[in-house]
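File shown here: final38.txt, holding compact mmCIF, N, CA and C atoms and all ligand atoms.
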```txt
# COMPACT_ATOMS: atom_id res chain seq x y z
N MET A 756 -116.97 -147.22 27.04
CA MET A 756 -117.23 -148.38 27.88
C MET A 756 -118.72 -148.71 27.89
N THR A 757 -119.03 -149.99 27.75
CA THR A 757 -120.45 -150.36 27.79
C THR A 757 -120.86 -150.68 29.22
N GLN A 758 -121.99 -150.16 29.59
CA GLN A 758 -122.51 -150.43 30.94
C GLN A 758 -123.54 -151.52 30.87
N HIS A 759 -123.42 -152.48 31.76
CA HIS A 759 -124.38 -153.58 31.78
C HIS A 759 -125.27 -153.43 33.00
N THR A 760 -126.51 -153.11 32.78
CA THR A 760 -127.43 -152.98 33.92
C THR A 760 -128.54 -154.01 33.79
N PRO A 761 -128.40 -155.09 34.56
CA PRO A 761 -129.43 -156.13 34.47
C PRO A 761 -130.79 -155.57 34.90
N SER A 762 -131.85 -156.00 34.21
CA SER A 762 -133.17 -155.49 34.55
C SER A 762 -133.77 -156.22 35.74
N SER A 763 -133.25 -157.40 36.03
CA SER A 763 -133.72 -158.14 37.20
C SER A 763 -132.55 -158.94 37.74
N PRO A 764 -132.62 -159.35 39.04
CA PRO A 764 -131.48 -160.09 39.58
C PRO A 764 -131.20 -161.32 38.74
N GLY A 765 -129.95 -161.47 38.33
CA GLY A 765 -129.57 -162.65 37.56
C GLY A 765 -129.81 -162.53 36.07
N ALA A 766 -130.41 -161.42 35.63
CA ALA A 766 -130.63 -161.27 34.18
C ALA A 766 -129.29 -161.06 33.50
N ASP A 767 -129.09 -161.71 32.37
CA ASP A 767 -127.84 -161.57 31.63
C ASP A 767 -128.12 -161.86 30.17
N ASP A 768 -127.10 -162.37 29.48
CA ASP A 768 -127.30 -162.64 28.07
C ASP A 768 -127.88 -164.03 27.82
N PHE A 769 -128.36 -164.65 28.87
CA PHE A 769 -128.93 -166.00 28.75
C PHE A 769 -130.13 -165.99 27.81
N ASP A 770 -130.12 -166.91 26.87
CA ASP A 770 -131.26 -167.06 25.96
C ASP A 770 -132.02 -168.32 26.35
N PRO A 771 -133.17 -168.18 27.01
CA PRO A 771 -133.90 -169.36 27.48
C PRO A 771 -134.40 -170.25 26.35
N SER A 772 -134.40 -169.71 25.13
CA SER A 772 -134.89 -170.55 24.02
C SER A 772 -133.74 -171.19 23.24
N ALA A 773 -132.50 -171.01 23.71
CA ALA A 773 -131.36 -171.63 23.02
C ALA A 773 -131.54 -173.14 23.00
N SER A 774 -131.39 -173.74 21.83
CA SER A 774 -131.56 -175.19 21.72
C SER A 774 -130.98 -175.69 20.41
N SER A 775 -130.34 -176.84 20.48
CA SER A 775 -129.86 -177.48 19.26
C SER A 775 -131.01 -178.12 18.49
N LEU A 776 -132.18 -178.15 19.15
CA LEU A 776 -133.35 -178.78 18.50
C LEU A 776 -134.14 -177.79 17.64
N ALA A 777 -133.81 -176.49 17.79
CA ALA A 777 -134.57 -175.46 17.07
C ALA A 777 -134.57 -175.78 15.57
N GLY A 778 -135.75 -175.75 14.99
CA GLY A 778 -135.89 -176.03 13.57
C GLY A 778 -135.98 -177.51 13.24
N HIS A 779 -135.78 -178.36 14.25
CA HIS A 779 -135.82 -179.81 13.98
C HIS A 779 -137.04 -180.48 14.59
N VAL A 780 -137.77 -179.74 15.42
CA VAL A 780 -138.97 -180.35 16.02
C VAL A 780 -140.20 -179.48 15.78
N ASP A 781 -141.31 -180.11 15.87
CA ASP A 781 -142.59 -179.43 15.69
C ASP A 781 -142.69 -178.23 16.64
N GLU A 782 -143.29 -177.14 16.15
CA GLU A 782 -143.38 -175.90 16.95
C GLU A 782 -144.10 -176.10 18.28
N SER A 783 -145.14 -176.93 18.28
CA SER A 783 -145.90 -177.13 19.53
C SER A 783 -145.07 -177.94 20.54
N VAL A 784 -144.27 -178.86 20.02
CA VAL A 784 -143.40 -179.64 20.92
C VAL A 784 -142.36 -178.70 21.52
N MET A 785 -141.82 -177.84 20.65
CA MET A 785 -140.81 -176.88 21.12
C MET A 785 -141.42 -175.95 22.18
N ALA A 786 -142.64 -175.52 21.96
CA ALA A 786 -143.29 -174.61 22.92
C ALA A 786 -143.45 -175.31 24.27
N GLU A 787 -143.86 -176.58 24.23
CA GLU A 787 -144.03 -177.33 25.48
C GLU A 787 -142.68 -177.50 26.19
N LEU A 788 -141.66 -177.83 25.39
CA LEU A 788 -140.32 -178.02 25.95
C LEU A 788 -139.83 -176.73 26.62
N LEU A 789 -140.02 -175.60 25.94
CA LEU A 789 -139.55 -174.32 26.51
C LEU A 789 -140.31 -173.96 27.77
N SER A 790 -141.59 -174.32 27.79
CA SER A 790 -142.39 -174.02 28.98
C SER A 790 -141.87 -174.83 30.18
N ILE A 791 -141.56 -176.10 29.97
CA ILE A 791 -141.01 -176.92 31.07
C ILE A 791 -139.63 -176.39 31.45
N ARG A 792 -138.85 -176.00 30.44
CA ARG A 792 -137.49 -175.51 30.71
C ARG A 792 -137.50 -174.23 31.54
N SER A 793 -138.58 -173.45 31.47
CA SER A 793 -138.60 -172.22 32.27
C SER A 793 -138.61 -172.57 33.76
N SER A 794 -139.24 -173.69 34.11
CA SER A 794 -139.18 -174.14 35.52
C SER A 794 -137.77 -174.61 35.86
N ILE A 795 -137.16 -175.34 34.92
CA ILE A 795 -135.79 -175.82 35.16
C ILE A 795 -134.86 -174.61 35.37
N ASP A 796 -135.06 -173.56 34.59
CA ASP A 796 -134.23 -172.35 34.73
C ASP A 796 -134.38 -171.74 36.12
N ASN A 797 -135.62 -171.67 36.61
CA ASN A 797 -135.85 -171.11 37.96
C ASN A 797 -135.19 -171.99 39.02
N ILE A 798 -135.34 -173.29 38.86
CA ILE A 798 -134.76 -174.23 39.85
C ILE A 798 -133.23 -174.11 39.85
N ASP A 799 -132.63 -174.05 38.66
CA ASP A 799 -131.17 -173.95 38.58
C ASP A 799 -130.66 -172.66 39.23
N ALA A 800 -131.39 -171.56 39.00
CA ALA A 800 -130.99 -170.29 39.62
C ALA A 800 -131.07 -170.41 41.14
N THR A 801 -132.13 -171.05 41.62
CA THR A 801 -132.29 -171.24 43.06
C THR A 801 -131.16 -172.08 43.63
N LEU A 802 -130.77 -173.13 42.89
CA LEU A 802 -129.66 -173.98 43.34
C LEU A 802 -128.38 -173.17 43.52
N VAL A 803 -128.14 -172.26 42.58
CA VAL A 803 -126.93 -171.42 42.68
C VAL A 803 -126.99 -170.56 43.94
N TYR A 804 -128.15 -169.95 44.19
CA TYR A 804 -128.28 -169.10 45.39
C TYR A 804 -128.15 -169.94 46.66
N LEU A 805 -128.76 -171.13 46.65
CA LEU A 805 -128.68 -172.00 47.83
C LEU A 805 -127.25 -172.43 48.10
N LEU A 806 -126.55 -172.81 47.04
CA LEU A 806 -125.16 -173.24 47.22
C LEU A 806 -124.29 -172.08 47.70
N ALA A 807 -124.56 -170.88 47.15
CA ALA A 807 -123.78 -169.71 47.59
C ALA A 807 -123.99 -169.47 49.08
N GLU A 808 -125.21 -169.59 49.56
CA GLU A 808 -125.49 -169.40 50.99
C GLU A 808 -124.83 -170.49 51.82
N ARG A 809 -124.88 -171.73 51.31
CA ARG A 809 -124.26 -172.84 52.06
C ARG A 809 -122.75 -172.61 52.16
N PHE A 810 -122.13 -172.19 51.07
CA PHE A 810 -120.68 -171.96 51.12
C PHE A 810 -120.34 -170.76 52.02
N LYS A 811 -121.23 -169.77 52.09
CA LYS A 811 -120.98 -168.65 53.02
C LYS A 811 -120.91 -169.20 54.44
N ALA A 812 -121.84 -170.10 54.77
CA ALA A 812 -121.87 -170.68 56.13
C ALA A 812 -120.66 -171.57 56.36
N THR A 813 -120.32 -172.41 55.37
CA THR A 813 -119.20 -173.33 55.60
C THR A 813 -117.87 -172.58 55.66
N GLN A 814 -117.78 -171.43 54.97
CA GLN A 814 -116.55 -170.63 55.09
C GLN A 814 -116.38 -170.16 56.54
N LYS A 815 -117.50 -169.76 57.16
CA LYS A 815 -117.43 -169.31 58.56
C LYS A 815 -116.94 -170.45 59.45
N VAL A 816 -117.45 -171.68 59.18
CA VAL A 816 -116.99 -172.85 59.94
C VAL A 816 -115.49 -173.03 59.72
N GLY A 817 -115.03 -172.83 58.49
CA GLY A 817 -113.61 -172.98 58.17
C GLY A 817 -112.73 -172.02 58.97
N PHE A 818 -113.19 -170.77 59.11
CA PHE A 818 -112.41 -169.79 59.89
C PHE A 818 -112.40 -170.15 61.38
N LEU A 819 -113.56 -170.62 61.86
CA LEU A 819 -113.66 -171.02 63.27
C LEU A 819 -112.72 -172.20 63.55
N LYS A 820 -112.74 -173.20 62.64
CA LYS A 820 -111.86 -174.37 62.82
C LYS A 820 -110.39 -173.96 62.76
N ALA A 821 -110.05 -173.08 61.83
CA ALA A 821 -108.64 -172.66 61.69
C ALA A 821 -108.20 -171.93 62.95
N ALA A 822 -109.06 -171.06 63.47
CA ALA A 822 -108.70 -170.28 64.66
C ALA A 822 -108.46 -171.18 65.86
N HIS A 823 -109.16 -172.33 65.91
CA HIS A 823 -109.04 -173.24 67.05
C HIS A 823 -108.26 -174.50 66.71
N ARG A 824 -107.61 -174.49 65.57
CA ARG A 824 -106.78 -175.60 65.11
C ARG A 824 -107.53 -176.93 65.11
N LEU A 825 -108.75 -176.89 64.60
CA LEU A 825 -109.56 -178.12 64.49
C LEU A 825 -109.40 -178.70 63.09
N PRO A 826 -109.56 -180.03 62.94
CA PRO A 826 -109.39 -180.62 61.60
C PRO A 826 -110.47 -180.15 60.63
N ALA A 827 -110.10 -180.10 59.34
CA ALA A 827 -111.03 -179.62 58.30
C ALA A 827 -112.27 -180.50 58.20
N GLY A 828 -112.07 -181.82 58.19
CA GLY A 828 -113.20 -182.74 58.04
C GLY A 828 -113.74 -183.19 59.38
N ASP A 829 -115.03 -183.52 59.41
CA ASP A 829 -115.65 -184.06 60.62
C ASP A 829 -116.47 -185.28 60.19
N PRO A 830 -115.81 -186.46 60.11
CA PRO A 830 -116.49 -187.65 59.58
C PRO A 830 -117.76 -188.03 60.33
N GLY A 831 -117.81 -187.76 61.64
CA GLY A 831 -119.01 -188.09 62.41
C GLY A 831 -120.20 -187.26 61.96
N ARG A 832 -119.96 -185.98 61.75
CA ARG A 832 -121.00 -185.07 61.26
C ARG A 832 -121.42 -185.47 59.84
N GLU A 833 -120.44 -185.79 59.02
CA GLU A 833 -120.75 -186.17 57.62
C GLU A 833 -121.64 -187.41 57.56
N ALA A 834 -121.30 -188.41 58.40
CA ALA A 834 -122.08 -189.66 58.38
C ALA A 834 -123.53 -189.39 58.79
N ALA A 835 -123.71 -188.53 59.82
CA ALA A 835 -125.07 -188.22 60.28
C ALA A 835 -125.84 -187.47 59.19
N GLN A 836 -125.16 -186.51 58.53
CA GLN A 836 -125.81 -185.73 57.48
C GLN A 836 -126.21 -186.61 56.30
N ILE A 837 -125.28 -187.51 55.92
CA ILE A 837 -125.55 -188.36 54.76
C ILE A 837 -126.73 -189.29 55.04
N ALA A 838 -126.76 -189.86 56.25
CA ALA A 838 -127.88 -190.75 56.61
C ALA A 838 -129.20 -189.98 56.57
N ARG A 839 -129.17 -188.74 57.08
CA ARG A 839 -130.39 -187.92 57.10
C ARG A 839 -130.85 -187.59 55.67
N LEU A 840 -129.89 -187.17 54.84
CA LEU A 840 -130.25 -186.80 53.47
C LEU A 840 -130.73 -188.00 52.66
N ARG A 841 -130.18 -189.18 52.96
CA ARG A 841 -130.65 -190.38 52.25
C ARG A 841 -132.12 -190.65 52.61
N ARG A 842 -132.46 -190.45 53.91
CA ARG A 842 -133.86 -190.65 54.31
C ARG A 842 -134.77 -189.62 53.65
N LEU A 843 -134.33 -188.35 53.66
CA LEU A 843 -135.13 -187.29 53.02
C LEU A 843 -135.32 -187.57 51.54
N ALA A 844 -134.25 -188.04 50.89
CA ALA A 844 -134.31 -188.32 49.46
C ALA A 844 -135.34 -189.42 49.18
N GLU A 845 -135.30 -190.47 50.01
CA GLU A 845 -136.28 -191.56 49.82
C GLU A 845 -137.70 -191.03 49.91
N ASP A 846 -137.95 -190.21 50.95
CA ASP A 846 -139.30 -189.64 51.12
C ASP A 846 -139.70 -188.79 49.92
N ALA A 847 -138.70 -188.14 49.31
CA ALA A 847 -138.98 -187.22 48.20
C ALA A 847 -138.91 -187.91 46.84
N HIS A 848 -138.74 -189.23 46.85
CA HIS A 848 -138.61 -190.01 45.61
C HIS A 848 -137.43 -189.58 44.76
N LEU A 849 -136.36 -189.22 45.47
CA LEU A 849 -135.08 -188.91 44.80
C LEU A 849 -134.16 -190.08 45.11
N ASP A 850 -133.35 -190.49 44.14
CA ASP A 850 -132.43 -191.61 44.34
C ASP A 850 -131.47 -191.29 45.51
N PRO A 851 -131.54 -192.05 46.62
CA PRO A 851 -130.67 -191.76 47.78
C PRO A 851 -129.19 -191.86 47.45
N ALA A 852 -128.84 -192.73 46.52
CA ALA A 852 -127.43 -192.86 46.13
C ALA A 852 -126.97 -191.56 45.45
N PHE A 853 -127.86 -190.96 44.66
CA PHE A 853 -127.52 -189.69 44.03
C PHE A 853 -127.37 -188.59 45.08
N ALA A 854 -128.31 -188.56 46.06
CA ALA A 854 -128.25 -187.54 47.12
C ALA A 854 -126.92 -187.66 47.87
N GLU A 855 -126.52 -188.89 48.16
CA GLU A 855 -125.26 -189.09 48.89
C GLU A 855 -124.06 -188.64 48.05
N LYS A 856 -124.07 -188.99 46.77
CA LYS A 856 -122.96 -188.61 45.88
C LYS A 856 -122.85 -187.08 45.80
N PHE A 857 -124.02 -186.44 45.67
CA PHE A 857 -124.07 -184.98 45.54
C PHE A 857 -123.53 -184.31 46.81
N LEU A 858 -123.99 -184.80 47.98
CA LEU A 858 -123.52 -184.21 49.24
C LEU A 858 -122.02 -184.46 49.42
N ASN A 859 -121.57 -185.65 49.09
CA ASN A 859 -120.13 -185.94 49.22
C ASN A 859 -119.30 -185.04 48.31
N PHE A 860 -119.83 -184.74 47.14
CA PHE A 860 -119.14 -183.85 46.20
C PHE A 860 -118.98 -182.45 46.82
N ILE A 861 -120.07 -181.97 47.42
CA ILE A 861 -120.04 -180.63 48.03
C ILE A 861 -119.10 -180.64 49.25
N ILE A 862 -119.23 -181.67 50.08
CA ILE A 862 -118.40 -181.74 51.29
C ILE A 862 -116.91 -181.78 50.92
N GLY A 863 -116.57 -182.51 49.86
CA GLY A 863 -115.17 -182.58 49.41
C GLY A 863 -114.64 -181.19 49.09
N GLU A 864 -115.48 -180.39 48.44
CA GLU A 864 -115.08 -179.01 48.08
C GLU A 864 -114.94 -178.16 49.35
N VAL A 865 -115.88 -178.32 50.28
CA VAL A 865 -115.83 -177.57 51.55
C VAL A 865 -114.53 -177.90 52.29
N ILE A 866 -114.18 -179.18 52.33
CA ILE A 866 -112.97 -179.58 53.06
C ILE A 866 -111.73 -178.97 52.40
N ARG A 867 -111.72 -178.93 51.07
CA ARG A 867 -110.59 -178.27 50.38
C ARG A 867 -110.50 -176.80 50.80
N HIS A 868 -111.66 -176.13 50.86
CA HIS A 868 -111.66 -174.72 51.30
C HIS A 868 -111.11 -174.61 52.72
N HIS A 869 -111.56 -175.52 53.60
CA HIS A 869 -111.13 -175.45 55.01
C HIS A 869 -109.63 -175.67 55.13
N GLU A 870 -109.10 -176.59 54.32
CA GLU A 870 -107.65 -176.82 54.36
C GLU A 870 -106.89 -175.57 53.90
N ALA A 871 -107.43 -174.92 52.87
CA ALA A 871 -106.78 -173.70 52.36
C ALA A 871 -106.85 -172.58 53.41
N ILE A 872 -108.00 -172.45 54.08
CA ILE A 872 -108.14 -171.42 55.12
C ILE A 872 -107.15 -171.70 56.25
N ALA A 873 -107.03 -173.00 56.65
CA ALA A 873 -106.12 -173.37 57.74
C ALA A 873 -104.67 -173.06 57.35
N GLU A 874 -104.31 -173.37 56.11
CA GLU A 874 -102.93 -173.08 55.66
C GLU A 874 -102.65 -171.59 55.71
N ASP A 875 -103.59 -170.79 55.21
CA ASP A 875 -103.43 -169.32 55.24
C ASP A 875 -103.28 -168.84 56.67
N HIS A 876 -104.13 -169.38 57.54
CA HIS A 876 -104.14 -168.96 58.93
C HIS A 876 -102.80 -169.30 59.60
N GLN A 877 -102.30 -170.53 59.31
CA GLN A 877 -101.02 -170.95 59.90
C GLN A 877 -99.88 -170.10 59.36
N ALA A 878 -99.93 -169.82 58.04
CA ALA A 878 -98.86 -169.02 57.44
C ALA A 878 -98.84 -167.62 58.04
N SER A 879 -100.03 -167.04 58.25
CA SER A 879 -100.05 -165.66 58.75
C SER A 879 -99.79 -165.59 60.24
N SER A 880 -99.99 -166.71 60.97
CA SER A 880 -99.74 -166.66 62.41
C SER A 880 -98.43 -167.35 62.77
N GLY A 881 -97.71 -167.84 61.75
CA GLY A 881 -96.41 -168.46 61.99
C GLY A 881 -96.49 -169.79 62.71
N GLN A 882 -97.68 -170.43 62.67
CA GLN A 882 -97.84 -171.73 63.34
C GLN A 882 -97.40 -172.85 62.41
N ARG A 883 -97.12 -174.03 63.02
CA ARG A 883 -96.80 -175.20 62.20
C ARG A 883 -98.10 -175.90 61.81
N PRO A 884 -98.15 -176.54 60.62
CA PRO A 884 -99.39 -177.19 60.21
C PRO A 884 -99.86 -178.24 61.20
N GLN A 885 -101.17 -178.37 61.33
CA GLN A 885 -101.78 -179.36 62.21
C GLN A 885 -101.77 -180.70 61.50
N THR A 886 -101.21 -181.72 62.11
CA THR A 886 -101.16 -183.03 61.43
C THR A 886 -102.17 -184.03 61.96
N SER A 887 -102.61 -183.86 63.20
CA SER A 887 -103.52 -184.84 63.79
C SER A 887 -104.92 -184.69 63.19
N ALA A 888 -105.61 -185.84 63.05
CA ALA A 888 -106.99 -185.80 62.55
C ALA A 888 -107.85 -186.65 63.47
N LEU A 889 -109.08 -186.22 63.66
CA LEU A 889 -110.00 -187.02 64.46
C LEU A 889 -110.63 -188.08 63.58
N ALA A 890 -110.87 -189.25 64.14
CA ALA A 890 -111.49 -190.31 63.31
C ALA A 890 -113.00 -190.22 63.41
C1 LIG B 901 -118.96 -177.55 57.40
C2 LIG B 901 -118.24 -178.39 58.17
O1 LIG B 901 -117.03 -178.97 57.73
C3 LIG B 901 -116.98 -180.13 56.89
C4 LIG B 901 -117.97 -180.04 55.82
C5 LIG B 901 -119.24 -180.47 56.02
C6 LIG B 901 -120.34 -180.04 55.10
O2 LIG B 901 -120.07 -179.45 54.06
O3 LIG B 901 -121.52 -180.27 55.46
C7 LIG B 901 -119.53 -181.30 57.11
C8 LIG B 901 -118.56 -181.71 57.96
C9 LIG B 901 -117.14 -181.36 57.77
O4 LIG B 901 -116.47 -182.48 57.20
C10 LIG B 901 -118.62 -178.70 59.55
O5 LIG B 901 -117.81 -179.29 60.29
O6 LIG B 901 -119.74 -178.33 59.95
```
Could I get this structure in the form of structure tokens?
Amino acid sequence: MTQHTPSSPGADDFDPSASSLAGHVDESVMAELLSIRSSIDNIDATLVYLLAERFKATQKVGFLKAAHRLPAGDPGREAAQIARLRRLAEDAHLDPAFAEKFLNFIIGEVIRHHEAIAEDHQASSGQRPQTSALA
């Protein structure tokens, strides 16, 4: 059996110099590209850790809602969050429409998780599914 012991958190078989451009562009251009990509690699790793932490928190919300038979989605909270993120995005020179789309994508996934948690909770406690939703 082969043992895999990463030398640093997140180290794996990732090749930071992997590129379809290798051999097709000037070496100095490639060097500059790889240097910029090293920042992109750090940012992407951070995004994964941030999302993992966010989902840890939203899972806790899902269990709390299931235990108290609350609806998975909270449109009032979502509207407030989206308005806030749109303002932050504008200040940060990020397209607010993209920020909204991205948050909506994540929220959609969170709501799916909450629905699954509620179903599991109802199945294990013998309760009937909750049909009412708050507007
Ligand atoms: C996490 C929650 O559940 C849902 C998911 C949200 C989110 O991912 O930010 C926000 C509101 C809810 O629709 C919550 O109610 O706080």
query: Counting only N, CA and C atoms and all ligand atoms, which protein, DNA or RNA residues come within 8 Å of ligand LIG 901 (chain B), given as number ranges by chain?
result: A: 809, 812-817, 826-834, 836, 858, 860-867, 869
Legend entry - Spatial neighbours of Ser790 (chain A), max dist 12 Å, only C-alpha atoms, sep filter under 6 positions, as a PyMOL selection string: chain A and resi 771-772+783-784+796-797
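When only N, CA and C atoms are used to compute distances to Gln877 (chain A), the closest of the residues A:Asp846, A:Ala821, A:Leu802, A:Pro851 turns out to be A:Ala821.
Straight-line separation from CA of Leu806 (chain A) to CA of Leu840 (chain A): 15.8 Å.
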ask   = Could you pull out the helix (DSSP H, G or I) residues of chain A from DSSP and send them as JSON, numbers by chain?
value = {"A": [782, 783, 784, 785, 786, 787, 788, 789, 790, 791, 792, 793, 794, 795, 796, 797, 798, 799, 800, 801, 802, 803, 804, 805, 806, 807, 808, 809, 810, 811, 812, 813, 814, 815, 816, 817, 818, 819, 820, 821, 822, 830, 831, 832, 833, 834, 835, 836, 837, 838, 839, 840, 841, 842, 843, 844, 845, 846, 851, 852, 853, 854, 855, 856, 857, 858, 859, 860, 861, 862, 863, 864, 865, 866, 867, 868, 869, 870, 871, 872, 873, 874, 875, 876, 877, 878, 879, 880]}
From CA of Ile872 (chain A) to CA of Phe818 (chain A) the spacing works out at 6.6 Å
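Picture a line from CA of Ser793 (chain A) to atom C of Asp770 (chain A); it runs 9.7 Å.
Ranking A:His876, A:Arg841, A:His868, A:Lys811 by their shortest atom-to-atom distance to Glu855 (chain A), with all atoms listed in the file included, puts A:Arg841 first.
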Practice task
Write out as a list of chain:residue names the residues lying within 12 Å of region 773-778 of chain A, counting only C-alpha atoms and excluding same-chain residues fewer than 6 positions away.
Solution key: A:Val784, A:Met785, A:Ala786, A:Leu788, A:Leu789, A:Arg792, A:Ser793
